[in-house]
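What follows is model.txt (compact mmCIF, C-alpha atoms).
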# COMPACT_ATOMS: atom_id res chain seq x y z
CA MET A 1 0.00 0.00 0.00
CA THR A 2 1.46 3.35 -1.06
CA VAL A 3 -1.34 5.62 0.17
CA SER A 4 -3.52 5.30 3.24
CA VAL A 5 -6.62 7.21 4.33
CA GLU A 6 -6.58 7.76 8.07
CA SER A 7 -9.10 9.03 10.57
CA SER A 8 -7.82 12.12 12.38
CA LEU A 9 -10.55 12.58 15.00
CA ALA A 10 -8.22 11.58 17.84
CA ALA A 11 -6.08 14.66 17.19
CA TRP A 12 -8.90 16.97 18.31
CA GLN A 13 -8.27 17.38 22.03
CA GLY A 14 -7.91 20.42 24.23
CA ARG A 15 -9.05 22.62 27.05
CA VAL A 16 -12.65 22.43 28.28
CA ASP A 17 -14.17 25.40 30.14
CA ALA A 18 -17.36 23.64 31.19
CA VAL A 19 -18.31 26.18 33.86
CA GLU A 20 -18.67 28.90 31.23
CA GLY A 21 -21.08 26.91 29.08
CA ASP A 22 -21.67 27.02 25.32
CA GLN A 23 -20.04 30.44 24.92
CA ALA A 24 -16.67 28.93 25.88
CA LEU A 25 -16.51 26.10 23.36
CA ARG A 26 -13.35 25.46 21.36
CA TRP A 27 -12.76 23.93 17.94
CA HIS A 28 -12.13 20.45 19.29
CA GLN A 29 -15.60 20.50 20.88
CA VAL A 30 -17.51 21.41 17.72
CA VAL A 31 -15.66 19.61 14.92
CA ARG A 32 -17.67 16.64 13.62
CA PRO A 33 -16.89 13.74 11.29
CA VAL A 34 -17.84 14.53 7.72
CA THR A 35 -20.90 12.62 6.53
CA PRO A 36 -22.66 12.50 3.14
CA GLU A 37 -25.23 14.93 4.55
CA ALA A 38 -22.69 17.51 5.77
CA THR A 39 -22.82 20.82 3.96
CA GLY A 40 -22.39 24.55 4.48
CA GLY A 41 -19.07 24.63 6.30
CA MET A 42 -15.37 23.80 6.04
CA ALA A 43 -14.03 20.27 5.78
CA ILE A 44 -10.51 19.68 7.11
CA LEU A 45 -8.50 17.23 5.00
CA GLY A 46 -4.88 16.38 5.75
CA PHE A 47 -2.15 15.53 3.25
CA ALA A 48 0.70 13.88 5.12
CA SER A 49 3.56 13.84 2.63
CA ASP A 50 7.31 14.34 2.66
CA ALA A 51 7.86 12.78 -0.76
CA GLY A 52 7.82 16.07 -2.66
CA VAL A 53 10.12 17.81 -0.18
CA ARG A 54 12.61 14.94 -0.31
CA ARG A 55 12.58 14.98 -4.11
CA ASN A 56 13.16 18.74 -3.96
CA GLN A 57 16.21 18.26 -1.70
CA GLY A 58 14.46 20.00 1.19
CA ARG A 59 14.32 19.26 4.90
CA ALA A 60 11.86 16.41 5.50
CA GLY A 61 9.33 16.40 8.33
CA ALA A 62 6.25 18.11 6.86
CA ALA A 63 4.36 14.80 6.83
CA GLU A 64 3.64 15.40 10.51
CA GLY A 65 2.32 18.90 9.80
CA PRO A 66 -1.39 17.96 9.59
CA LEU A 67 -1.35 16.37 13.04
CA GLU A 68 0.50 19.28 14.66
CA LEU A 69 -1.73 21.87 13.03
CA ARG A 70 -4.87 20.09 14.21
CA LYS A 71 -3.45 20.16 17.75
CA GLN A 72 -2.98 23.92 17.52
CA LEU A 73 -6.41 24.45 15.96
CA SER A 74 -8.07 22.42 18.70
CA ASN A 75 -7.98 25.20 21.29
CA LEU A 76 -9.13 28.05 19.07
CA PRO A 77 -12.37 29.58 20.39
CA ALA A 78 -15.46 28.34 18.56
CA ARG A 79 -17.94 31.09 17.76
CA PRO A 80 -21.69 30.40 17.66
CA GLY A 81 -22.80 28.70 14.48
CA MET A 82 -19.44 27.16 13.58
CA GLN A 83 -19.65 24.44 10.95
CA LEU A 84 -16.43 22.37 10.90
CA PHE A 85 -16.04 18.83 9.64
CA GLU A 86 -13.16 16.37 9.88
CA ALA A 87 -12.46 14.53 6.61
CA GLY A 88 -9.36 12.54 7.61
CA THR A 89 -5.80 12.48 6.27
CA ILE A 90 -4.33 11.14 3.05
CA ARG A 91 -0.90 9.73 3.93
CA VAL A 92 1.73 9.10 1.27
CA VAL A 93 3.61 5.95 2.21
CA GLY A 94 7.09 5.82 0.72
CA ASN A 95 7.66 7.68 -2.54
CA ASP A 96 4.35 7.33 -4.40
CA LEU A 97 3.52 11.02 -4.42
CA GLU A 98 1.46 10.81 -7.59
CA GLU A 99 -0.99 8.29 -6.14
CA GLY A 100 -1.29 10.43 -3.03
CA GLN A 101 -2.11 13.51 -5.10
CA ARG A 102 -4.72 11.59 -7.10
CA THR A 103 -6.35 10.33 -3.90
CA PHE A 104 -6.31 13.79 -2.34
CA ALA A 105 -7.88 15.24 -5.50
CA GLU A 106 -10.70 12.69 -5.39
CA HIS A 107 -11.49 13.62 -1.79
CA VAL A 108 -11.36 17.35 -2.56
CA ALA A 109 -13.78 16.91 -5.47
CA SER A 110 -16.15 14.90 -3.30
CA LEU A 111 -16.18 17.54 -0.55
CA LEU A 112 -16.79 20.31 -3.07
CA LYS A 113 -19.70 18.37 -4.56
CA GLN A 114 -21.28 18.30 -1.09
CA GLY A 115 -21.15 22.06 -0.84
CA LEU A 116 -18.23 22.16 1.60
CA VAL A 117 -15.09 24.31 1.42
CA PRO A 118 -12.10 21.95 1.68
CA LEU A 119 -9.30 23.09 3.98
CA GLY A 120 -6.14 21.14 3.14
CA LEU A 121 -3.42 20.71 5.76
CA GLY A 122 0.03 19.80 4.40
CA GLY A 123 2.51 18.31 4.09
CA GLY A 124 4.84 19.85 1.56
CA HIS A 125 3.57 22.21 -1.11
CA GLU A 126 3.08 19.24 -3.40
CA ILE A 127 -0.41 19.36 -1.86
CA ALA A 128 -1.16 22.09 -4.42
CA LEU A 129 -1.39 19.76 -7.40
CA GLY A 130 -3.89 17.51 -5.63
CA SER A 131 -5.90 20.53 -4.49
CA PHE A 132 -6.12 22.02 -7.97
CA LEU A 133 -6.95 18.72 -9.67
CA GLY A 134 -9.78 18.18 -7.20
CA LEU A 135 -11.18 21.65 -7.88
CA ALA A 136 -10.76 21.14 -11.64
CA LYS A 137 -12.66 17.85 -11.53
CA HIS A 138 -15.50 19.51 -9.64
CA LEU A 139 -15.76 22.51 -11.95
CA ALA A 140 -15.29 20.60 -15.20
CA GLY A 141 -18.80 19.21 -14.93
CA MET A 142 -20.24 22.70 -14.51
CA ASP A 143 -18.26 24.89 -16.91
CA GLN A 144 -16.33 23.98 -20.06
CA GLN A 145 -13.75 26.70 -19.35
CA PRO A 146 -13.90 27.85 -15.73
CA ARG A 147 -11.89 30.94 -14.80
CA ILE A 148 -9.90 29.59 -11.85
CA GLY A 149 -7.49 31.87 -10.06
CA ILE A 150 -4.65 30.53 -7.94
CA LEU A 151 -3.45 32.88 -5.21
CA ASN A 152 -0.26 31.65 -3.60
CA LEU A 153 1.27 33.34 -0.54
CA ASP A 154 4.81 32.10 -0.91
CA ALA A 155 8.46 33.08 -1.11
CA HIS A 156 8.84 30.72 -4.10
CA PHE A 157 7.18 30.35 -7.50
CA ASP A 158 7.25 26.52 -7.30
CA LEU A 159 7.48 26.43 -11.10
CA ARG A 160 10.53 24.20 -11.33
CA ALA A 161 11.11 21.89 -14.28
CA ALA A 162 11.92 18.36 -13.14
CA GLU A 163 11.69 14.78 -14.32
CA GLN A 164 9.12 14.02 -11.62
CA GLY A 165 6.86 16.11 -9.41
CA THR A 166 8.27 17.66 -6.25
CA SER A 167 7.26 20.32 -3.74
CA GLY A 168 8.89 22.79 -6.14
CA THR A 169 6.96 21.84 -9.29
CA PRO A 170 3.20 21.91 -8.55
CA PHE A 171 2.28 25.15 -10.28
CA ARG A 172 4.16 24.24 -13.45
CA GLN A 173 2.24 20.97 -13.39
CA ILE A 174 -0.99 22.89 -12.89
CA ALA A 175 -0.12 25.13 -15.85
CA GLN A 176 0.40 22.02 -17.95
CA ALA A 177 -2.92 20.58 -16.77
CA CYS A 178 -4.67 23.82 -17.77
CA GLU A 179 -3.03 23.73 -21.20
CA VAL A 180 -4.26 20.17 -21.78
CA ARG A 181 -7.80 21.25 -20.90
CA GLY A 182 -7.62 24.46 -22.90
CA TRP A 183 -8.19 26.48 -19.74
CA PRO A 184 -6.52 29.81 -18.89
CA PHE A 185 -3.79 29.70 -16.25
CA HIS A 186 -4.36 32.51 -13.75
CA TYR A 187 -1.60 32.39 -11.12
CA ALA A 188 -0.52 35.14 -8.74
CA VAL A 189 2.13 34.91 -6.03
CA LEU A 190 2.53 37.32 -3.14
CA GLY A 191 5.79 37.37 -1.20
CA ILE A 192 8.30 36.23 -3.81
CA SER A 193 11.93 36.47 -2.69
CA ALA A 194 14.36 37.72 -5.34
CA PHE A 195 17.04 35.73 -3.54
CA ALA A 196 15.18 32.40 -3.39
CA ASN A 197 14.24 32.04 -7.07
CA THR A 198 16.65 31.61 -9.98
CA GLU A 199 16.43 33.62 -13.18
CA ALA A 200 15.11 30.47 -14.86
CA LEU A 201 12.11 30.57 -12.51
CA PHE A 202 11.45 34.26 -13.19
CA GLN A 203 11.61 33.51 -16.92
CA ALA A 204 9.20 30.62 -16.50
CA ALA A 205 6.83 32.89 -14.59
CA ARG A 206 6.93 35.52 -17.32
CA ALA A 207 6.38 32.92 -20.05
CA LEU A 208 3.33 31.56 -18.23
CA GLY A 209 1.82 34.98 -17.57
CA VAL A 210 2.25 34.73 -13.81
CA THR A 211 1.86 37.92 -11.77
CA TRP A 212 3.66 38.52 -8.49
CA ARG A 213 4.81 40.94 -5.85
CA LEU A 214 8.20 40.70 -4.18
CA ASP A 215 8.46 40.43 -0.42
CA GLU A 216 10.30 43.79 -0.36
CA ALA A 217 7.23 45.41 -1.96
CA MET A 218 4.88 43.98 0.65
CA GLY A 219 5.55 46.03 3.75
CA PHE A 220 2.64 47.58 5.63
CA GLY A 221 3.38 50.87 3.88
CA ASP A 222 2.80 49.08 0.55
CA LEU A 223 -0.54 47.62 1.63
CA ALA A 224 -2.71 49.77 -0.63
CA ASP A 225 -0.71 48.72 -3.69
CA THR A 226 -0.84 45.07 -2.63
CA GLN A 227 -4.59 45.24 -2.15
CA GLN A 228 -5.03 46.84 -5.57
CA PHE A 229 -2.87 44.12 -7.13
CA LEU A 230 -5.09 41.49 -5.55
CA ALA A 231 -8.32 43.26 -6.49
CA ASP A 232 -7.18 43.39 -10.12
CA PHE A 233 -6.36 39.69 -10.06
CA LEU A 234 -9.67 38.74 -8.44
CA SER A 235 -11.61 40.69 -11.07
CA LYS A 236 -10.32 38.31 -13.76
CA VAL A 237 -11.45 35.05 -12.12
CA ASP A 238 -14.65 33.42 -10.89
CA HIS A 239 -13.22 30.71 -8.62
CA LEU A 240 -10.27 31.13 -6.28
CA TYR A 241 -7.90 28.49 -4.96
CA LEU A 242 -6.07 30.04 -2.01
CA THR A 243 -2.83 28.40 -0.92
CA ILE A 244 -0.50 29.46 1.88
CA CYS A 245 3.11 28.31 2.05
CA LEU A 246 4.30 29.11 5.55
CA ASP A 247 7.77 30.05 4.32
CA VAL A 248 6.22 33.34 3.14
CA LEU A 249 6.51 34.49 6.76
CA PRO A 250 9.73 35.79 8.34
CA ALA A 251 11.87 33.02 9.80
CA SER A 252 11.34 34.51 13.26
CA ASP A 253 7.62 33.74 12.93
CA ALA A 254 7.93 30.54 10.92
CA PRO A 255 11.16 28.66 11.68
CA GLY A 256 9.49 25.28 11.20
CA VAL A 257 9.49 25.06 7.41
CA SER A 258 11.65 23.39 4.79
CA ALA A 259 13.19 26.71 3.64
CA PRO A 260 12.89 29.55 6.20
CA SER A 261 12.73 33.07 4.75
CA ALA A 262 15.51 35.57 5.32
CA ARG A 263 12.94 38.39 5.03
CA GLY A 264 9.37 37.25 4.46
CA VAL A 265 6.08 39.14 4.73
CA GLU A 266 4.77 40.28 8.09
CA LEU A 267 1.72 38.60 9.58
CA GLU A 268 -0.34 41.81 9.71
CA VAL A 269 0.03 42.22 5.94
CA LEU A 270 -0.83 38.59 5.19
CA GLU A 271 -3.96 38.86 7.31
CA LYS A 272 -5.19 41.84 5.29
CA VAL A 273 -4.53 39.92 2.07
CA LEU A 274 -6.49 36.94 3.36
CA ASP A 275 -9.37 39.19 4.38
CA LEU A 276 -9.67 40.67 0.89
CA ALA A 277 -9.44 37.27 -0.80
CA CYS A 278 -12.11 35.76 1.45
CA GLN A 279 -14.43 38.74 1.17
CA SER A 280 -14.46 38.32 -2.62
CA GLY A 281 -16.90 35.43 -2.31
CA LYS A 282 -14.81 33.47 -4.81
CA VAL A 283 -12.76 31.18 -2.54
CA ARG A 284 -13.61 27.54 -3.23
CA LEU A 285 -10.62 25.81 -1.68
CA VAL A 286 -7.85 26.63 0.81
CA ASP A 287 -4.70 24.81 1.86
CA VAL A 288 -1.70 25.43 4.10
CA ALA A 289 1.70 23.88 3.35
CA GLU A 290 5.22 23.28 4.63
CA LEU A 291 4.68 23.06 8.41
CA ASN A 292 7.56 20.92 9.71
CA PRO A 293 7.07 20.25 13.44
CA SER A 294 10.54 18.73 13.84
CA LEU A 295 12.06 22.16 13.06
CA ASP A 296 9.50 24.31 14.87
CA GLU A 297 10.77 26.20 17.91
CA ASP A 298 8.16 26.42 20.69
CA HIS A 299 5.43 25.59 18.13
CA ARG A 300 5.78 29.12 16.70
CA THR A 301 5.09 28.16 13.10
CA ALA A 302 2.15 25.95 14.04
CA ARG A 303 0.63 28.71 16.17
CA VAL A 304 0.90 31.26 13.35
CA ALA A 305 -0.55 28.73 10.91
CA ALA A 306 -3.48 28.10 13.24
CA ARG A 307 -4.14 31.84 13.49
CA LEU A 308 -4.18 32.16 9.70
CA VAL A 309 -6.50 29.17 9.34
CA GLY A 310 -8.78 30.55 12.04
CA ARG A 311 -8.96 33.89 10.28
CA VAL A 312 -9.80 32.26 6.96
CA ALA A 313 -12.50 30.14 8.58
CA THR A 314 -14.03 33.24 10.16
CA ARG A 315 -13.97 35.27 6.96
CA LEU A 316 -15.40 32.45 4.83
CA GLY A 317 -18.33 31.97 7.16
CA ALA A 318 -17.46 28.63 8.75
CA ILE A 319 -18.11 30.71 11.85
CA HIS A 320 -21.39 32.60 11.72
CA HIS A 321 -21.73 35.49 14.13
CA ASP A 322 -25.19 36.35 15.47

In structure tokens, how does this file's structure come out?
Amino acid sequence: MTVSVESSLAAWQGRVDAVEGDQALRWHQVVRPVTPEATGGMAILGFASDAGVRRNQGRAGAAEGPLELRKQLSNLPARPGMQLFEAGTIRVVGNDLEEGQRTFAEHVASLLKQGLVPLGLGGGHEIALGSFLGLAKHLAGMDQQPRIGILNLDAHFDLRAAEQGTSGTPFRQIAQACEVRGWPFHYAVLGISAFANTEALFQAARALGVTWRLDEAMGFGDLADTQQFLADFLSKVDHLYLTICLDVLPASDAPGVSAPSARGVELEVLEKVLDLACQSGKVRLVDVAELNPSLDEDHRTARVAARLVGRVATRLGAIHHD
């Protein structure tokens, strides 16, 4: 067996403030197993894989990211009306990344068909290919040429050319998948490091029509320009796949990743970007990648990741305020 599908319900444990009643519930107390009848919320689906990171000569350990992130999410406060479902974890056993991505895509498509917003927890950024293929399968039956936008918060383009897929190739593979289908490839990256991408990658981005903003152009003082960039991008698409690579953050905030950033983009800026993306009403799918617990000091990366996920869940309406 090269891929397994695991239940992850046991990971949801945490503090209980019983004396304070229903207003003091936390995520671990409201998350429910996904069922065929579940709809109208977010479905958490793990992708436990190191295969892509190893192939990309990175620091392995991200396969344990989904478990660690669930632990950090468990104690987030649950607002009234929260709709959260647990969909399990796809685990890549050994080196069969491709089968893992196919299995993940099938699960994503199934959750989308139910009217849920999948929330993928990586794993390396190879999760992106599975995420996109799942969304593509879902939309293909509804629109012959859907306008899908991919918004990647990342220090890297992940457009590498390689003999086999890695954590550094998923968006080139997605571009190729779009070409086969005759679909446009709308890809924007916020947080690109000029010192973490070769000229070959910048050339590939230009050739594919990718748009981006460098990390040095994403300070808080640049926020208006960043928001305008994103608004322009969102105006060209109908469906948004939002993906967050945690190495977009400064290494001081996110040490537990395969390739920590020398500069990165501050959390307060990323939160404003996420708000605008979620408020567009176009987000269909979200994932978070590259959490490596074995390298994480005092769970700093996992805590930041949980905050970002919590913010997305709030903005997308998984939490409904009265």

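Of the residues listed (A:Asp275, A:Leu270, A:Leu9, A:Gly46), A:Leu9 shows the shortest atom-to-atom separation from Gln29 of chain A; distances use all atoms listed in the file.
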
Distance atom CA of Asp50 of chain A-atom CA of Glu179 of chain A, one decimal place? 27.6 Å

Within 12 Å of (3.8, 34.2, -20.5), in the coordinates the file gives, what residues turn up when you count all atoms listed in the file, written out as a list in words? Ala175, Pro184, Phe185, His186, Tyr187, Phe202, Gln203, Ala204, Ala205, Arg206, Ala207, Leu208, Gly209, Val210 and Thr211 of chain A

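Interatomic distance, atom CA of Leu274 of chain A against atom CA of Leu111 of chain A: 22.0 Å.
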
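Reported to one decimal place, the separation of atom CA of Leu97 of chain A from atom CA of Glu163 of chain A is 13.4 Å.
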
With all atoms listed in the file as the counted atoms, please give the residues lying no more than 7 Å from segment 283-298 of chain A, apart from itself and same-chain residues fewer than 2 positions off, as a ChimeraX atom specification. /A:61-62,64-65,68,117-125,239-246,255-258,278,281,300-302

Write out as a PDB file with C-alpha atoms, in the frame of the given file the residues lying within 7 Å of segment 225-237 of chain A, counting all atoms listed in the file and excluding same-chain residues fewer than 6 positions away.
ATOM      1  CA  ARG A 147     -11.890  30.940 -14.800  1.00  0.00           C
ATOM      2  CA  ILE A 148      -9.900  29.590 -11.850  1.00  0.00           C
ATOM      3  CA  GLY A 149      -7.490  31.870 -10.060  1.00  0.00           C
ATOM      4  CA  MET A 218       4.880  43.980   0.650  1.00  0.00           C
ATOM      5  CA  VAL A 273      -4.530  39.920   2.070  1.00  0.00           C
TER       6      VAL A 273
END

Hey, what's within 6 Å of Leu25 of chain A if we count all atoms listed in the file and toss same-chain stuff fewer than 2 positions away? As a PyMOL selection string, please? chain A and resi 22-23+78

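Distances here use only C-alpha atoms; by that measure, the residue among A:Ala217, A:Arg311, A:Ala254, A:Ile192 closest to Leu276 of chain A is A:Arg311.
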
Out of A:Gly317, A:Gly221, A:Gly52, A:Pro260, which residue has the shortest atom-to-atom distance to Asp96 of chain A when counting all atoms listed in the file? A:Gly52

Take the point (-6.8, 12.1, 11.3) in the file's coordinates, draw a sphere of radius 10 Å around it, and report as a VMD selection string every protein, DNA or RNA residue with an atom inside or on it, counting only C-alpha atoms. chain A and resid 5 to 12 44 to 48 66 to 67 70 86 to 91

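Minimum atom-to-atom distance to Arg55 of chain A, evaluated using only C-alpha atoms, belongs to A:Thr169 out of A:Lys71, A:Ser131, A:Ile174, A:Thr169.
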
List the spatial neighbours of Val53 of chain A as an NGL selection string - criterion: any atom at most 7 Å away, all atoms listed in the file, same-chain residues fewer than 5 positions off excluded. :A and (58-60 or 124 or 166-167)

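Considering all atoms listed in the file, the residue among A:Gln57, A:Gln114, A:Ser261, A:Ser49 positioned nearest to Gly130 of chain A is A:Ser49.
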